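*Asks:* Sending over a structure as structure tokens; questions will come in a sec.
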Amino acid sequence: MLKQDTQSEKVDQDGVQIDEGSAENPVENQTEQDVSEQSEEKAAETDGKADKPLTPEEKIAELEAQLAETRDQLLRKAADFENFRKRMNQEKQNAIEFANQTLLLDIIPVIDDFERAIQSGEKAADLNTFIEGVKMIEKRLTSQLESKWGLKRFNSAGEPFDPNKHEALMMDKSPDVTEAVVQEDLVRGYLLKDRVIRPAKVKVLMPEAAPQAAASAASE
């Protein structure tokens with residue numbers, strides 16, 4: 001009788017055949033099954049908590065937390081806006097206070113010229129030289145103000161009287177005019193970029209009333 005060396009199956013003590021190819025460690029199988037069951041239980045618990053409605057106390061606590069967060073954000077925004085407002089006011093104040101800085105820097109050299117002219121005039125024997133020096137300074141100042149800043153003097157003599165440009169300080173009658181005409185500039189006016197910023201103070205010639213018109217006015 002031949003020995004069965006190539007058998008793949010074995011018989012246990014009770015006579016039950018065991019397949020060696022399908023035999024596995026029962027402890028490992030049990031451990032993996034337990035871990036899988038525990039994971040499923042935890043997932044089920046988590047889903048149950050997520051689906052579970054909040055109690056009134058929990059809702060109140062959640063709303064209070066949201067309210068506190070919103071209040072904190074509003075306070076931060078209010079503080080940022082206040083800082084922005086203060087900064088804008090300071091910049092506006094600085095702009096107002098130093099708006100004429102460039103103009104004043106243009107005038108300062110003219111003041112220096114006047115000081116030098118006065119010092120020279122005190123030592124000079126010729127008055128005409130002093131007068132010519134002052135005229136040159138005045139011309140330099142007016143030219144600079146007109147070319148750089150748009151400030152221009154205007155002449156009014158011979159023009160029709162315009163209350164928007166002229167201020168009558170004196171009046172006289174003349175038979176040579178038919179309407180009010182500026183006879184003389186007493187103080188010249190100034191324009192800033194075609195806008196009258198100071199009316200000229202003038203002497204005005206008024207037309208004389210015709211004798212017939214005067215008589216008609218007297219009879220009325």
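Chain identifiers are assigned as A, B, and so on, following the order in which chains appear in the structure tokens; residues are numbered from 1 within each chain, and ligands are numbered from 1 in order of appearance.
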What's the 7 Å shell around A:Gly158, counting only C-alpha atoms, without same-chain residues fewer than 2 positions away, as a PyMOL selection string?

*Replies:* chain A and resi 156+160+181-183

*Asks:* I need the residues from that last selection saved to file as a PDB file, in the first residue's frame (with N, CA and C atoms), if you can.

*Replies:*
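And here's selection-v1.pdb as it stands now:
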ATOM      1  N   SER A 156     -10.161 149.973 -16.811  1.00  0.00           N
ATOM      2  CA  SER A 156     -11.589 150.213 -17.006  1.00  0.00           C
ATOM      3  C   SER A 156     -11.896 151.556 -17.655  1.00  0.00           C
ATOM      4  N   PRO A 160     -17.900 151.009 -20.771  1.00  0.00           N
ATOM      5  CA  PRO A 160     -19.221 151.203 -20.153  1.00  0.00           C
ATOM      6  C   PRO A 160     -19.198 150.684 -18.719  1.00  0.00           C
ATOM      7  N   VAL A 181     -20.277 155.747 -18.313  1.00  0.00           N
ATOM      8  CA  VAL A 181     -18.959 155.330 -18.795  1.00  0.00           C
ATOM      9  C   VAL A 181     -17.936 155.592 -17.695  1.00  0.00           C
ATOM     10  N   VAL A 182     -16.995 154.666 -17.566  1.00  0.00           N
ATOM     11  CA  VAL A 182     -15.919 154.829 -16.584  1.00  0.00           C
ATOM     12  C   VAL A 182     -14.970 155.900 -17.103  1.00  0.00           C
ATOM     13  N   GLN A 183     -14.798 156.940 -16.309  1.00  0.00           N
ATOM     14  CA  GLN A 183     -13.895 158.016 -16.700  1.00  0.00           C
ATOM     15  C   GLN A 183     -12.466 157.752 -16.231  1.00  0.00           C
TER      16      GLN A 183
END

*Asks:* Report the residues of stretch 86-169 of chain A whose backbone DSSP state falls under strand (DSSP E or B), written as a list in words.

*Replies:* Leu151, Lys152, Arg153, Phe154, Pro160, His166, Glu167, Ala168 and Leu169 of chain A

*Asks:* Restricted to N, CA and C atoms, what would the selected residues look like written as a PDB file, in the first residue's frame?

*Replies:*
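And here's again_35.pdb as it stands now:
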ATOM      1  N   LEU A 151      -3.500 135.710 -12.112  1.00  0.00           N
ATOM      2  CA  LEU A 151      -3.997 136.959 -11.526  1.00  0.00           C
ATOM      3  C   LEU A 151      -3.639 138.114 -12.453  1.00  0.00           C
ATOM      4  N   LYS A 152      -4.649 138.850 -12.885  1.00  0.00           N
ATOM      5  CA  LYS A 152      -4.427 139.893 -13.883  1.00  0.00           C
ATOM      6  C   LYS A 152      -5.187 141.153 -13.513  1.00  0.00           C
ATOM      7  N   ARG A 153      -4.491 142.282 -13.621  1.00  0.00           N
ATOM      8  CA  ARG A 153      -5.153 143.577 -13.438  1.00  0.00           C
ATOM      9  C   ARG A 153      -5.834 143.980 -14.741  1.00  0.00           C
ATOM     10  N   PHE A 154      -6.941 144.704 -14.610  1.00  0.00           N
ATOM     11  CA  PHE A 154      -7.614 145.168 -15.825  1.00  0.00           C
ATOM     12  C   PHE A 154      -7.867 146.667 -15.721  1.00  0.00           C
ATOM     13  N   PRO A 160     -17.900 151.009 -20.771  1.00  0.00           N
ATOM     14  CA  PRO A 160     -19.221 151.203 -20.153  1.00  0.00           C
ATOM     15  C   PRO A 160     -19.198 150.684 -18.719  1.00  0.00           C
ATOM     16  N   HIS A 166     -17.224 146.958 -11.743  1.00  0.00           N
ATOM     17  CA  HIS A 166     -16.857 148.301 -11.274  1.00  0.00           C
ATOM     18  C   HIS A 166     -17.643 148.680 -10.032  1.00  0.00           C
ATOM     19  N   GLU A 167     -16.986 149.462  -9.216  1.00  0.00           N
ATOM     20  CA  GLU A 167     -17.616 150.052  -8.037  1.00  0.00           C
ATOM     21  C   GLU A 167     -17.457 151.567  -8.145  1.00  0.00           C
ATOM     22  N   ALA A 168     -18.571 152.266  -8.290  1.00  0.00           N
ATOM     23  CA  ALA A 168     -18.522 153.714  -8.507  1.00  0.00           C
ATOM     24  C   ALA A 168     -18.304 154.425  -7.180  1.00  0.00           C
ATOM     25  N   LEU A 169     -17.181 155.147  -7.116  1.00  0.00           N
ATOM     26  CA  LEU A 169     -16.905 155.972  -5.930  1.00  0.00           C
ATOM     27  C   LEU A 169     -17.222 157.437  -6.187  1.00  0.00           C
TER      28      LEU A 169
END

*Asks:* Could you write out, as a ChimeraX atom specification, all the residues of stretch 41-206 of chain A that DSSP marks as alpha helix (DSSP H)?

*Replies:* /A:41-51,56-97,101-123,127-149

*Asks:* Looking at only C-alpha atoms, which of A:Ile111, A:Leu186, A:Ile96, A:Ala78 is the one that sits closest to A:Val202?

*Replies:*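 Checking each candidate against A:Val202, we get A:Leu186 as the closest.
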
*Asks:* Between atom CA of A:Ala79 and atom CA of A:Gln93, measure the distance and give it in Å to one decimal.

*Replies:*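 If I compute the distance from atom CA of A:Ala79 to atom CA of A:Gln93, I get 21.2 Å.
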
*Asks:* Using only C-alpha atoms for the distances, tell me which of A:Glu91, A:Glu97, A:Asp194, A:Glu179 is nearest to A:Gly150.

*Replies:* A:Asp194
